[in-house]
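Listing of start-v2.cif, mmCIF, C-alpha atoms and all ligand atoms
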data_protein
loop_
_atom_site.label_atom_id
_atom_site.label_comp_id
_atom_site.auth_asym_id
_atom_site.auth_seq_id
_atom_site.Cartn_x
_atom_site.Cartn_y
_atom_site.Cartn_z
CA MET A 296 23.93 0.93 23.70
CA ASN A 297 21.39 1.64 20.99
CA ALA A 298 21.83 -1.17 18.46
CA HIS A 299 20.95 1.24 15.64
CA LEU A 300 23.88 3.57 16.29
CA SER A 301 26.74 2.83 13.93
CA VAL A 302 30.14 2.86 15.63
CA GLN A 303 33.13 4.19 13.70
CA PRO A 304 36.11 1.82 13.82
CA LEU A 305 39.15 3.30 15.59
CA VAL A 306 41.14 2.97 12.42
CA PRO A 307 39.15 3.77 9.27
CA ALA A 308 38.96 0.95 6.70
CA TRP A 309 40.90 2.96 4.12
CA GLN A 310 43.84 3.32 6.51
CA THR A 311 43.83 -0.42 7.19
CA GLU A 312 43.80 -1.03 3.45
CA LEU A 313 46.66 1.40 2.97
CA ALA A 314 48.70 -0.38 5.63
CA LYS A 315 48.38 -3.58 3.57
CA ALA A 316 49.77 -1.99 0.39
CA PHE A 317 52.62 -3.84 -1.31
CA THR A 318 55.95 -2.36 -0.31
CA ASN A 319 58.27 -5.00 -1.69
CA ILE A 320 58.72 -6.47 -5.14
CA THR A 321 58.48 -10.14 -4.12
CA ASP A 322 55.02 -9.83 -2.59
CA LEU A 323 53.70 -7.89 -5.57
CA LEU A 324 55.14 -10.37 -8.10
CA ASP A 325 53.73 -13.33 -6.11
CA PHE A 326 50.31 -11.69 -6.13
CA LEU A 327 50.55 -11.24 -9.90
CA ASN A 328 51.86 -14.77 -10.57
CA LEU A 329 55.06 -13.35 -12.03
CA GLN A 330 58.63 -14.61 -11.70
CA PRO A 331 61.40 -12.07 -11.01
CA GLU A 332 63.73 -13.74 -13.52
CA GLY A 333 63.99 -11.69 -16.69
CA LEU A 334 62.52 -8.55 -15.12
CA PRO A 335 64.90 -5.56 -14.79
CA LEU A 336 64.17 -5.11 -11.07
CA SER A 337 66.27 -2.87 -8.87
CA ASP A 338 66.61 -2.67 -5.09
CA GLN A 339 68.62 0.52 -5.53
CA ALA A 340 65.59 2.08 -7.25
CA ILE A 341 63.51 1.27 -4.15
CA GLN A 342 66.13 2.83 -1.93
CA ASN A 343 66.02 5.98 -4.05
CA PHE A 344 62.21 6.08 -4.00
CA SER A 345 60.25 3.59 -1.95
CA MET A 346 57.62 1.27 -3.42
CA ARG A 347 53.96 1.44 -2.47
CA VAL A 348 51.09 -0.21 -4.35
CA PRO A 349 47.59 -0.56 -2.86
CA VAL A 350 46.14 -4.05 -3.26
CA GLY A 351 43.08 -2.64 -5.07
CA PHE A 352 45.31 -1.06 -7.71
CA ALA A 353 47.27 -4.31 -8.11
CA ASN A 354 43.94 -6.08 -8.55
CA CYS A 355 43.36 -4.02 -11.70
CA MET A 356 46.55 -5.47 -13.25
CA GLU A 357 46.50 -8.48 -15.53
CA LYS A 358 47.94 -11.48 -13.70
CA GLY A 359 50.94 -13.05 -15.41
CA ASN A 360 51.60 -10.01 -17.63
CA PRO A 361 54.99 -8.38 -16.93
CA ASN A 362 54.11 -5.61 -19.40
CA ASP A 363 50.86 -4.64 -17.76
CA PRO A 364 50.48 -0.83 -18.12
CA LEU A 365 49.55 -0.39 -14.46
CA LEU A 366 52.45 -2.53 -13.27
CA LYS A 367 54.87 -0.46 -15.39
CA GLN A 368 53.86 2.63 -13.40
CA VAL A 369 54.84 1.17 -10.04
CA LEU A 370 57.58 -1.42 -10.55
CA PRO A 371 61.04 -0.21 -9.45
CA VAL A 372 63.41 -1.02 -12.34
CA SER A 373 67.06 -0.48 -13.15
CA ASP A 374 66.22 2.11 -15.84
CA GLU A 375 65.54 4.51 -12.96
CA LEU A 376 69.26 4.59 -12.25
CA ASN A 377 70.08 6.05 -15.69
CA THR A 378 70.92 9.73 -15.63
CA PHE A 379 70.38 12.32 -18.36
CA PRO A 380 71.56 15.95 -18.27
CA ASP A 381 68.05 17.38 -18.78
CA PHE A 382 66.46 15.20 -16.06
CA ILE A 383 66.80 17.00 -12.74
CA ASN A 384 65.43 16.88 -9.19
CA ASP A 385 63.03 19.82 -9.50
CA PRO A 386 61.95 19.85 -13.16
CA VAL A 387 59.03 22.28 -12.77
CA GLY A 388 60.79 24.87 -10.59
CA ASP A 389 58.64 24.31 -7.49
CA LEU A 390 61.47 25.09 -5.10
CA GLU A 391 62.21 28.39 -6.80
CA ALA A 392 58.53 29.37 -6.52
CA ALA A 393 57.99 28.11 -2.96
CA LYS A 394 57.28 30.83 -0.41
CA LEU A 395 57.22 30.50 3.34
CA GLY A 396 57.75 26.77 3.16
CA GLY A 397 54.51 25.20 1.98
CA ILE A 398 53.09 27.82 -0.42
CA ILE A 399 53.81 27.67 -4.12
CA HIS A 400 52.56 30.83 -5.83
CA LYS A 401 53.37 30.47 -9.51
CA TYR A 402 50.15 31.48 -11.22
CA HIS A 403 47.99 34.58 -10.91
CA GLY A 404 45.11 34.25 -8.43
CA ARG A 405 45.99 30.72 -7.34
CA ILE A 406 48.26 29.27 -4.72
CA LEU A 407 49.24 25.65 -4.29
CA LEU A 408 49.86 24.11 -0.88
CA ILE A 409 52.09 21.12 -0.21
CA THR A 410 49.81 19.47 2.33
CA THR A 411 51.73 16.25 2.91
CA GLY A 412 54.61 14.31 1.41
CA GLY A 413 52.76 11.00 1.52
CA CYS A 414 50.84 9.26 -1.25
CA ALA A 415 48.75 6.09 -1.35
CA ILE A 416 50.83 4.89 -4.29
CA ASN A 417 54.34 5.70 -5.38
CA CYS A 418 54.33 6.33 -9.12
CA ARG A 419 57.80 5.76 -10.51
CA TYR A 420 57.42 8.66 -13.01
CA CYS A 421 56.46 11.17 -10.29
CA PHE A 422 57.82 14.70 -10.86
CA ARG A 423 58.07 15.20 -7.09
CA ARG A 424 59.83 11.89 -6.38
CA ASN A 425 62.95 13.78 -5.28
CA PHE A 426 61.08 16.58 -3.50
CA PRO A 427 62.29 17.79 -0.06
CA TYR A 428 58.84 17.34 1.52
CA ALA A 429 60.13 17.61 5.06
CA ASP A 430 61.02 21.25 4.39
CA LEU A 431 57.71 22.19 2.81
CA GLN A 432 54.76 20.06 3.92
CA MET A 433 52.00 21.50 6.07
CA ASN A 434 52.33 21.72 9.83
CA LYS A 435 50.83 24.03 12.47
CA THR A 436 53.34 26.83 11.98
CA ARG A 437 53.12 26.67 8.21
CA LEU A 438 49.31 26.65 8.37
CA SER A 439 49.32 29.96 10.23
CA LEU A 440 51.68 31.37 7.60
CA VAL A 441 49.29 30.20 4.89
CA LEU A 442 46.36 31.89 6.60
CA GLN A 443 48.34 35.10 6.96
CA TYR A 444 49.30 34.89 3.28
CA LEU A 445 45.65 34.50 2.27
CA HIS A 446 44.75 37.44 4.48
CA ASP A 447 47.45 39.60 2.85
CA ASN A 448 46.59 38.60 -0.72
CA PRO A 449 42.90 39.18 -1.41
CA ASP A 450 43.47 38.69 -5.15
CA ILE A 451 43.86 34.95 -4.56
CA SER A 452 40.59 33.27 -5.50
CA GLU A 453 41.61 29.62 -5.60
CA VAL A 454 43.61 27.39 -3.27
CA ILE A 455 44.99 24.15 -4.67
CA LEU A 456 45.70 21.35 -2.24
CA SER A 457 48.52 19.20 -3.52
CA GLY A 458 51.22 17.01 -2.08
CA GLY A 459 51.93 14.19 -2.03
CA ASP A 460 48.25 13.46 -1.92
CA PRO A 461 46.03 15.74 0.22
CA LEU A 462 43.44 13.01 0.74
CA LEU A 463 46.05 11.08 2.68
CA LEU A 464 45.54 13.56 5.53
CA ASN A 465 43.13 12.20 8.11
CA ASP A 466 39.64 13.70 8.34
CA ASN A 467 40.57 15.95 11.26
CA ARG A 468 43.54 17.55 9.59
CA LEU A 469 41.92 17.85 6.19
CA GLY A 470 38.70 19.19 7.71
CA GLN A 471 40.53 21.87 9.70
CA LEU A 472 42.56 22.89 6.68
CA VAL A 473 39.63 23.35 4.29
CA GLU A 474 37.47 25.02 6.92
CA LYS A 475 40.16 27.57 7.73
CA ILE A 476 40.75 28.31 4.06
CA SER A 477 37.02 28.59 3.40
CA GLN A 478 36.70 31.42 5.94
CA PHE A 479 38.27 33.84 3.46
CA HIS A 480 35.48 35.29 1.37
CA HIS A 481 37.77 36.01 -1.56
CA ILE A 482 38.43 32.28 -1.95
CA GLN A 483 35.92 31.05 -4.50
CA ARG A 484 37.23 27.58 -5.16
CA ILE A 485 39.20 24.90 -3.36
CA ARG A 486 40.84 22.51 -5.77
CA ILE A 487 42.15 19.13 -4.64
CA HIS A 488 44.69 17.26 -6.73
CA SER A 489 44.48 13.60 -5.85
CA ARG A 490 45.19 10.15 -7.20
CA ILE A 491 43.48 8.55 -4.20
CA PRO A 492 39.94 8.15 -5.64
CA ILE A 493 41.63 6.05 -8.37
CA VAL A 494 44.10 4.03 -6.30
CA LEU A 495 42.36 3.88 -2.89
CA PRO A 496 38.67 4.57 -3.51
CA SER A 497 37.71 3.40 -0.01
CA ARG A 498 39.05 6.80 1.17
CA ILE A 499 35.87 8.41 -0.17
CA THR A 500 33.90 7.86 3.03
CA PRO A 501 30.66 9.45 4.24
CA GLN A 502 32.77 11.37 6.80
CA LEU A 503 34.97 12.83 4.07
CA LEU A 504 31.96 13.79 1.96
CA GLU A 505 30.41 15.45 5.00
CA ILE A 506 33.55 17.61 5.39
CA PHE A 507 33.24 18.75 1.79
CA SER A 508 29.53 19.47 2.08
CA ARG A 509 30.20 21.91 4.96
CA ILE A 510 32.37 24.09 2.71
CA PRO A 511 30.51 26.94 1.00
CA GLN A 512 33.04 27.24 -1.82
CA GLN A 513 32.99 25.14 -4.95
CA ILE A 514 35.17 22.04 -4.53
CA ILE A 515 36.97 20.82 -7.61
CA MET A 516 38.81 17.53 -7.67
CA VAL A 517 41.48 16.93 -10.29
CA LEU A 518 42.02 13.20 -10.42
CA HIS A 519 45.05 11.48 -11.82
CA CYS A 520 44.26 8.43 -13.91
CA ASN A 521 46.56 7.33 -16.72
CA HIS A 522 44.87 4.24 -18.15
CA GLY A 523 41.30 3.00 -18.49
CA ASN A 524 42.18 -0.22 -16.63
CA GLU A 525 42.59 1.86 -13.45
CA ILE A 526 38.86 2.57 -13.39
CA SER A 527 37.48 -0.33 -11.36
CA PRO A 528 33.87 -0.69 -10.11
CA GLU A 529 35.05 0.67 -6.73
CA VAL A 530 36.54 3.73 -8.44
CA ILE A 531 33.28 4.28 -10.31
CA THR A 532 31.34 4.17 -7.02
CA ALA A 533 33.76 6.61 -5.33
CA CYS A 534 33.56 9.07 -8.23
CA SER A 535 29.79 8.82 -8.31
CA LEU A 536 29.67 9.71 -4.59
CA LEU A 537 31.89 12.73 -5.18
CA LYS A 538 29.68 13.81 -8.05
CA GLN A 539 26.54 13.41 -5.93
CA HIS A 540 28.12 15.86 -3.50
CA GLN A 541 28.50 18.50 -6.22
CA ILE A 542 32.24 18.03 -6.56
CA LEU A 543 33.40 18.77 -10.10
CA LEU A 544 35.69 16.07 -11.42
CA PHE A 545 38.49 16.59 -13.92
CA ASN A 546 41.31 14.25 -14.87
CA GLN A 547 44.92 14.88 -15.66
CA ALA A 548 47.05 12.06 -17.03
CA VAL A 549 50.73 11.86 -17.85
CA LEU A 550 51.80 10.54 -21.24
CA LEU A 551 54.04 7.60 -20.41
CA LYS A 552 56.05 5.32 -22.68
CA ASP A 553 54.79 1.73 -22.63
CA VAL A 554 51.88 2.72 -20.38
CA ASN A 555 49.47 4.87 -22.41
CA ASP A 556 51.41 5.99 -25.50
CA GLN A 557 48.99 4.40 -27.98
CA ALA A 558 46.08 6.44 -29.33
CA GLU A 559 43.60 3.65 -28.65
CA GLN A 560 44.58 3.60 -24.96
CA LEU A 561 44.01 7.34 -24.64
CA ILE A 562 40.73 7.12 -26.53
CA ALA A 563 39.52 4.35 -24.21
CA LEU A 564 40.63 6.38 -21.18
CA SER A 565 38.72 9.49 -22.30
CA GLU A 566 35.58 7.47 -23.06
CA LYS A 567 35.68 5.72 -19.70
CA LEU A 568 36.34 8.91 -17.74
CA PHE A 569 33.51 10.74 -19.42
CA ALA A 570 31.11 7.83 -18.92
CA ASN A 571 31.74 8.39 -15.22
CA ASN A 572 31.27 12.16 -15.27
CA ILE A 573 34.97 12.99 -15.25
CA ILE A 574 36.25 15.53 -17.78
CA PRO A 575 39.51 14.41 -19.47
CA TYR A 576 41.22 17.74 -19.02
CA TYR A 577 45.00 17.55 -19.31
CA LEU A 578 47.50 15.14 -20.76
CA HIS A 579 50.93 16.16 -19.49
CA LEU A 580 54.17 15.55 -21.23
CA LEU A 581 56.53 13.97 -18.71
CA ASP A 582 58.14 16.38 -16.26
CA LYS A 583 61.80 15.49 -16.50
CA ALA A 584 62.57 14.34 -12.96
CA THR A 585 65.71 12.38 -12.21
CA GLY A 586 65.00 8.65 -12.51
CA THR A 587 62.10 8.92 -14.96
CA GLY A 588 63.84 9.10 -18.37
CA HIS A 589 62.54 5.70 -19.52
CA PHE A 590 58.94 7.02 -19.44
CA ASP A 591 59.65 9.92 -21.82
CA VAL A 592 57.66 10.23 -25.06
CA LYS A 593 59.14 12.65 -27.58
CA THR A 594 57.00 15.70 -28.34
CA SER A 595 56.74 14.89 -32.08
CA ARG A 596 55.40 11.42 -31.28
CA ALA A 597 53.03 12.84 -28.65
CA ILE A 598 51.58 15.21 -31.27
CA SER A 599 51.11 12.41 -33.75
CA ILE A 600 49.31 10.31 -31.09
CA MET A 601 47.07 13.27 -30.30
CA ASN A 602 46.22 13.79 -33.97
CA GLU A 603 44.90 10.23 -33.98
CA VAL A 604 42.99 10.79 -30.73
CA LYS A 605 41.45 13.99 -32.15
CA ALA A 606 40.38 12.22 -35.32
CA ASN A 607 38.43 9.69 -33.28
CA LEU A 608 36.78 11.71 -30.52
CA PRO A 609 34.56 14.76 -30.15
CA GLY A 610 36.57 17.80 -29.05
CA TYR A 611 35.35 17.70 -25.45
CA LEU A 612 36.92 14.27 -25.00
CA VAL A 613 40.34 15.33 -26.29
CA PRO A 614 42.55 16.34 -23.36
CA LYS A 615 44.86 19.33 -23.80
CA LEU A 616 48.42 18.15 -24.28
CA VAL A 617 50.54 20.43 -22.11
CA ARG A 618 53.97 20.76 -20.61
CA GLU A 619 55.11 22.72 -17.61
CA ILE A 620 57.96 25.11 -18.17
CA PRO A 621 59.52 26.62 -15.04
CA GLY A 622 58.88 30.35 -14.78
CA GLU A 623 55.92 30.42 -17.21
CA SER A 624 52.67 31.98 -15.97
CA SER A 625 50.58 28.91 -16.92
CA LYS A 626 50.98 25.46 -18.45
CA THR A 627 52.22 25.61 -22.03
CA GLY A 628 49.85 24.11 -24.58
CA VAL A 629 51.40 21.65 -27.05
CA PHE A 630 48.25 20.29 -28.74
CA PHE A 631 44.62 21.34 -28.35
S1 LIG B 701 50.20 10.06 -6.53
FE1 LIG B 701 50.96 11.91 -7.58
S2 LIG B 701 52.39 12.89 -6.13
FE2 LIG B 701 52.03 10.75 -5.44
S3 LIG B 701 53.69 9.55 -6.37
FE3 LIG B 701 51.94 9.44 -7.76
S4 LIG B 701 52.30 11.12 -9.21
FE4 LIG B 701 53.59 11.53 -7.43
#
As structure tokens - that is how I would like this structure written.
Amino acid sequence: MNAHLSVQPLVPAWQTELAKAFTNITDLLDFLNLQPEGLPLSDQAIQNFSMRVPVGFANCMEKGNPNDPLLKQVLPVSDELNTFPDFINDPVGDLEAAKLGGIIHKYHGRILLITTGGCAINCRYCFRRNFPYADLQMNKTRLSLVLQYLHDNPDISEVILSGGDPLLLNDNRLGQLVEKISQFHHIQRIRIHSRIPIVLPSRITPQLLEIFSRIPQQIIMVLHCNHGNEISPEVITACSLLKQHQILLFNQAVLLKDVNDQAEQLIALSEKLFANNIIPYYLHLLDKATGTGHFDVKTSRAISIMNEVKANLPGYLVPKLVREIPGESSKTGVFF
């Protein structure tokens, strides 16, 4: 064998890393030098929505700090068991809008595909934490329905890959999906919504970048980063590789109580994103999914936080504060 030929491992490094993610509270707390006593932990919360935290993301947490803003996003706690009448299983009306299984066509000219139900991290505030993925995620039959739908609807110019996290698909499946979509000339952009470059940056491999560079359409990646501490040196490298491959990077964050509901945290996040060529695009008010009530920030407080952010940053670093209202033809602006 030619010693200069590089041999791909059977299992890519990012998948090995994913397999080592923390899936139980004890291991995560040990890693962080934290004692369970005094923490409002809940096994029932894990049964309702499993726990998954990549080691790299845990590495960005402050050891010994039970109030770490990254830990708060992933720790299953008893507050998740509280119920409120306005917190429901499908807060943004995805199921109502879903066509033919995996296609969500809510907005003019764009369709969103549920590519997979899996994520590299399970965020406790997730608006799709109660989503019936098995009924909607992509498979062979649904892919042919998607292609037929694109054929029948030439006014669609953008396809959004969502999930779960589309970058959790292996290179084969993701490559086939984007190549098939890219064959339609009326598709001008493929947009990928992913938290993976932030929580599992090793997924941004040369093989993945090569898939994207074969696609003639513009690729846009909307990242999901809620706090500046999530942006590690590895994340910076991954984002720089994406940028070098002409992928436009935007960020959407969710405003979360006790995670990023201080103006200085949002200011630091915007500064850090922009320093790494990522546009801080949206800040979402929480979508009211069952089990997430303890993350809610009231709209009046959100506006007052944003006034402070606006007073301290140039306009292009101030994300749009938006909420999603089921049935509306776009996100609803709350503060610009
Ligand atoms: S990565 Fe996104 S879809 Fe997955 S759990 Fe987190 S918020 Fe939900």
| field | Leu431 in chain A environment, 10 Å, all atoms listed in the file, sequence neighbours closer than 5 positions dropped, as a ChimeraX atom specification | value | /A:390,393-399,408-412,426,437,458
Please identify the residues whose atoms come within 10 Å of ligand LIG 701 (chain B), using only C-alpha atoms and all ligand atoms, and report them as a PDB file with C-alpha atoms, in the frame of the given file.
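Generated file (part.pdb):
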ATOM      1  CA  PHE A 344      62.210   6.080  -4.000  1.00  0.00           C
ATOM      2  CA  SER A 345      60.250   3.590  -1.950  1.00  0.00           C
ATOM      3  CA  MET A 346      57.620   1.270  -3.420  1.00  0.00           C
ATOM      4  CA  ARG A 347      53.960   1.440  -2.470  1.00  0.00           C
ATOM      5  CA  GLN A 368      53.860   2.630 -13.400  1.00  0.00           C
ATOM      6  CA  VAL A 369      54.840   1.170 -10.040  1.00  0.00           C
ATOM      7  CA  THR A 411      51.730  16.250   2.910  1.00  0.00           C
ATOM      8  CA  GLY A 412      54.610  14.310   1.410  1.00  0.00           C
ATOM      9  CA  GLY A 413      52.760  11.000   1.520  1.00  0.00           C
ATOM     10  CA  CYS A 414      50.840   9.260  -1.250  1.00  0.00           C
ATOM     11  CA  ALA A 415      48.750   6.090  -1.350  1.00  0.00           C
ATOM     12  CA  ILE A 416      50.830   4.890  -4.290  1.00  0.00           C
ATOM     13  CA  ASN A 417      54.340   5.700  -5.380  1.00  0.00           C
ATOM     14  CA  CYS A 418      54.330   6.330  -9.120  1.00  0.00           C
ATOM     15  CA  ARG A 419      57.800   5.760 -10.510  1.00  0.00           C
ATOM     16  CA  TYR A 420      57.420   8.660 -13.010  1.00  0.00           C
ATOM     17  CA  CYS A 421      56.460  11.170 -10.290  1.00  0.00           C
ATOM     18  CA  PHE A 422      57.820  14.700 -10.860  1.00  0.00           C
ATOM     19  CA  ARG A 423      58.070  15.200  -7.090  1.00  0.00           C
ATOM     20  CA  ARG A 424      59.830  11.890  -6.380  1.00  0.00           C
ATOM     21  CA  ASN A 425      62.950  13.780  -5.280  1.00  0.00           C
ATOM     22  CA  PHE A 426      61.080  16.580  -3.500  1.00  0.00           C
ATOM     23  CA  SER A 457      48.520  19.200  -3.520  1.00  0.00           C
ATOM     24  CA  GLY A 458      51.220  17.010  -2.080  1.00  0.00           C
ATOM     25  CA  GLY A 459      51.930  14.190  -2.030  1.00  0.00           C
ATOM     26  CA  ASP A 460      48.250  13.460  -1.920  1.00  0.00           C
ATOM     27  CA  PRO A 461      46.030  15.740   0.220  1.00  0.00           C
ATOM     28  CA  HIS A 488      44.690  17.260  -6.730  1.00  0.00           C
ATOM     29  CA  SER A 489      44.480  13.600  -5.850  1.00  0.00           C
ATOM     30  CA  ARG A 490      45.190  10.150  -7.200  1.00  0.00           C
ATOM     31  CA  ILE A 491      43.480   8.550  -4.200  1.00  0.00           C
ATOM     32  CA  ILE A 493      41.630   6.050  -8.370  1.00  0.00           C
ATOM     33  CA  VAL A 494      44.100   4.030  -6.300  1.00  0.00           C
ATOM     34  CA  LEU A 518      42.020  13.200 -10.420  1.00  0.00           C
ATOM     35  CA  HIS A 519      45.050  11.480 -11.820  1.00  0.00           C
ATOM     36  CA  CYS A 520      44.260   8.430 -13.910  1.00  0.00           C
ATOM     37  CA  ALA A 548      47.050  12.060 -17.030  1.00  0.00           C
ATOM     38  CA  VAL A 549      50.730  11.860 -17.850  1.00  0.00           C
TER      39      VAL A 549
END
| query | Which of these residues is nearest to Ser497 in chain A, using all atoms listed in the file: A:Asp430, A:Asp322, A:Glu529, A:Asp363? | reply |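 For Ser497 in chain A, the nearest of the given residues is A:Glu529.
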| request: For each of A:Leu407, A:Ile499, A:Ile598, A:Ile482, take the minimum atom-to-atom distance to Gln432 in chain A, counting all atoms listed in the file, then give the residue where this is smallest. | output: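 Of A:Leu407, A:Ile499, A:Ile598, A:Ile482, the one nearest Gln432 in chain A is A:Leu407, counting all atoms listed in the file.
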| request: Calculate how many Å separate CA of Gly523 in chain A from CA of Leu456 in chain A, rounding to one decimal. | output: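 Computing it gives 24.9 Å between the two atoms.
What separates CA of Arg486 in chain A from CA of Ile542 in chain A is a distance of 9.7 Å.
Minimum atom-to-atom distances from A:Thr587, A:Asn602, A:Thr627, A:Asn555 to Pro386 in chain A were compared using all atoms listed in the file, and the lowest value belongs to A:Thr587.
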| query | Which one is closest to Asp466 in chain A: A:Lys315, A:Arg498, A:His540, A:His579? Count all atoms listed in the file. | reply |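 That would be A:Arg498, the residue with the smallest distance to Asp466 in chain A.
Minimum distance to Pro361 in chain A across A:Leu323, A:Ala340, A:Leu581, A:Ile574 (counting all atoms listed in the file) occurs at A:Leu323.
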| Residues within 12 Å of Thr321 in chain A, all atoms listed in the file, excluding chain neighbours under 2 positions, as a VMD selection string | chain A and resid 317 to 319 323 to 332 334 336 to 338 346 370 to 371
Suppose we keep C-alpha atoms; can you now write the selection as a PDB file, in the frame of the given file?
ATOM      1  CA  PHE A 317      52.620  -3.840  -1.310  1.00  0.00           C
ATOM      2  CA  THR A 318      55.950  -2.360  -0.310  1.00  0.00           C
ATOM      3  CA  ASN A 319      58.270  -5.000  -1.690  1.00  0.00           C
ATOM      4  CA  LEU A 323      53.700  -7.890  -5.570  1.00  0.00           C
ATOM      5  CA  LEU A 324      55.140 -10.370  -8.100  1.00  0.00           C
ATOM      6  CA  ASP A 325      53.730 -13.330  -6.110  1.00  0.00           C
ATOM      7  CA  PHE A 326      50.310 -11.690  -6.130  1.00  0.00           C
ATOM      8  CA  LEU A 327      50.550 -11.240  -9.900  1.00  0.00           C
ATOM      9  CA  ASN A 328      51.860 -14.770 -10.570  1.00  0.00           C
ATOM     10  CA  LEU A 329      55.060 -13.350 -12.030  1.00  0.00           C
ATOM     11  CA  GLN A 330      58.630 -14.610 -11.700  1.00  0.00           C
ATOM     12  CA  PRO A 331      61.400 -12.070 -11.010  1.00  0.00           C
ATOM     13  CA  GLU A 332      63.730 -13.740 -13.520  1.00  0.00           C
ATOM     14  CA  LEU A 334      62.520  -8.550 -15.120  1.00  0.00           C
ATOM     15  CA  LEU A 336      64.170  -5.110 -11.070  1.00  0.00           C
ATOM     16  CA  SER A 337      66.270  -2.870  -8.870  1.00  0.00           C
ATOM     17  CA  ASP A 338      66.610  -2.670  -5.090  1.00  0.00           C
ATOM     18  CA  MET A 346      57.620   1.270  -3.420  1.00  0.00           C
ATOM     19  CA  LEU A 370      57.580  -1.420 -10.550  1.00  0.00           C
ATOM     20  CA  PRO A 371      61.040  -0.210  -9.450  1.00  0.00           C
TER      21      PRO A 371
END
| Between CA of Phe479 in chain A and CA of Leu438 in chain A, what is the spacing in Å? |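 Value for the CA of Leu438 in chain A-CA of Phe479 in chain A distance: 14.1 Å.
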For Gln539 in chain A, find every residue with an atom within 12 Å (counting all atoms listed in the file), except residues of its own chain fewer than 4 positions away, and show them as a PDB file with C-alpha atoms, in the coordinates of the input.
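Final output, out_12.pdb:
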ATOM      1  CA  PRO A 501      30.660   9.450   4.240  1.00  0.00           C
ATOM      2  CA  LEU A 504      31.960  13.790   1.960  1.00  0.00           C
ATOM      3  CA  GLU A 505      30.410  15.450   5.000  1.00  0.00           C
ATOM      4  CA  PHE A 507      33.240  18.750   1.790  1.00  0.00           C
ATOM      5  CA  SER A 508      29.530  19.470   2.080  1.00  0.00           C
ATOM      6  CA  THR A 532      31.340   4.170  -7.020  1.00  0.00           C
ATOM      7  CA  ALA A 533      33.760   6.610  -5.330  1.00  0.00           C
ATOM      8  CA  CYS A 534      33.560   9.070  -8.230  1.00  0.00           C
ATOM      9  CA  SER A 535      29.790   8.820  -8.310  1.00  0.00           C
ATOM     10  CA  LEU A 543      33.400  18.770 -10.100  1.00  0.00           C
ATOM     11  CA  LEU A 544      35.690  16.070 -11.420  1.00  0.00           C
ATOM     12  CA  ASN A 571      31.740   8.390 -15.220  1.00  0.00           C
ATOM     13  CA  ASN A 572      31.270  12.160 -15.270  1.00  0.00           C
TER      14      ASN A 572
END
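With distances restricted to only C-alpha atoms, A:Ile514 is the closest residue to Gln541 in chain A from A:Ile562, A:Ile526, A:Ile514, A:Leu580.
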Would you kindly return, as a tab-separated table (two decimals) with C-alpha atoms, in the coordinates of the input, each protein, DNA or RNA residue with an atom no farther than 8 Å from any atom of Ile406 in chain A, considering all atoms listed in the file and excluding same-chain residues fewer than 6 positions away?
chain	number	residue	atom	x	y	z
A	398	ILE	CA	53.09	27.82	-0.42
A	399	ILE	CA	53.81	27.67	-4.12
A	400	HIS	CA	52.56	30.83	-5.83
A	451	ILE	CA	43.86	34.95	-4.56
A	453	GLU	CA	41.61	29.62	-5.60
A	454	VAL	CA	43.61	27.39	-3.27
A	455	ILE	CA	44.99	24.15	-4.67
| query | Contacts of Phe382 in chain A at 8 Å or less, counting all atoms listed in the file, minus same-chain residues fewer than 2 places along, as number ranges by chain? | reply | A: 378-380, 384, 386, 583-588
Export C-alpha atoms of the chosen residues as a PDB file, in the frame of the given file?
ATOM      1  CA  THR A 378      70.920   9.730 -15.630  1.00  0.00           C
ATOM      2  CA  PHE A 379      70.380  12.320 -18.360  1.00  0.00           C
ATOM      3  CA  PRO A 380      71.560  15.950 -18.270  1.00  0.00           C
ATOM      4  CA  ASN A 384      65.430  16.880  -9.190  1.00  0.00           C
ATOM      5  CA  PRO A 386      61.950  19.850 -13.160  1.00  0.00           C
ATOM      6  CA  LYS A 583      61.800  15.490 -16.500  1.00  0.00           C
ATOM      7  CA  ALA A 584      62.570  14.340 -12.960  1.00  0.00           C
ATOM      8  CA  THR A 585      65.710  12.380 -12.210  1.00  0.00           C
ATOM      9  CA  GLY A 586      65.000   8.650 -12.510  1.00  0.00           C
ATOM     10  CA  THR A 587      62.100   8.920 -14.960  1.00  0.00           C
ATOM     11  CA  GLY A 588      63.840   9.100 -18.370  1.00  0.00           C
TER      12      GLY A 588
END
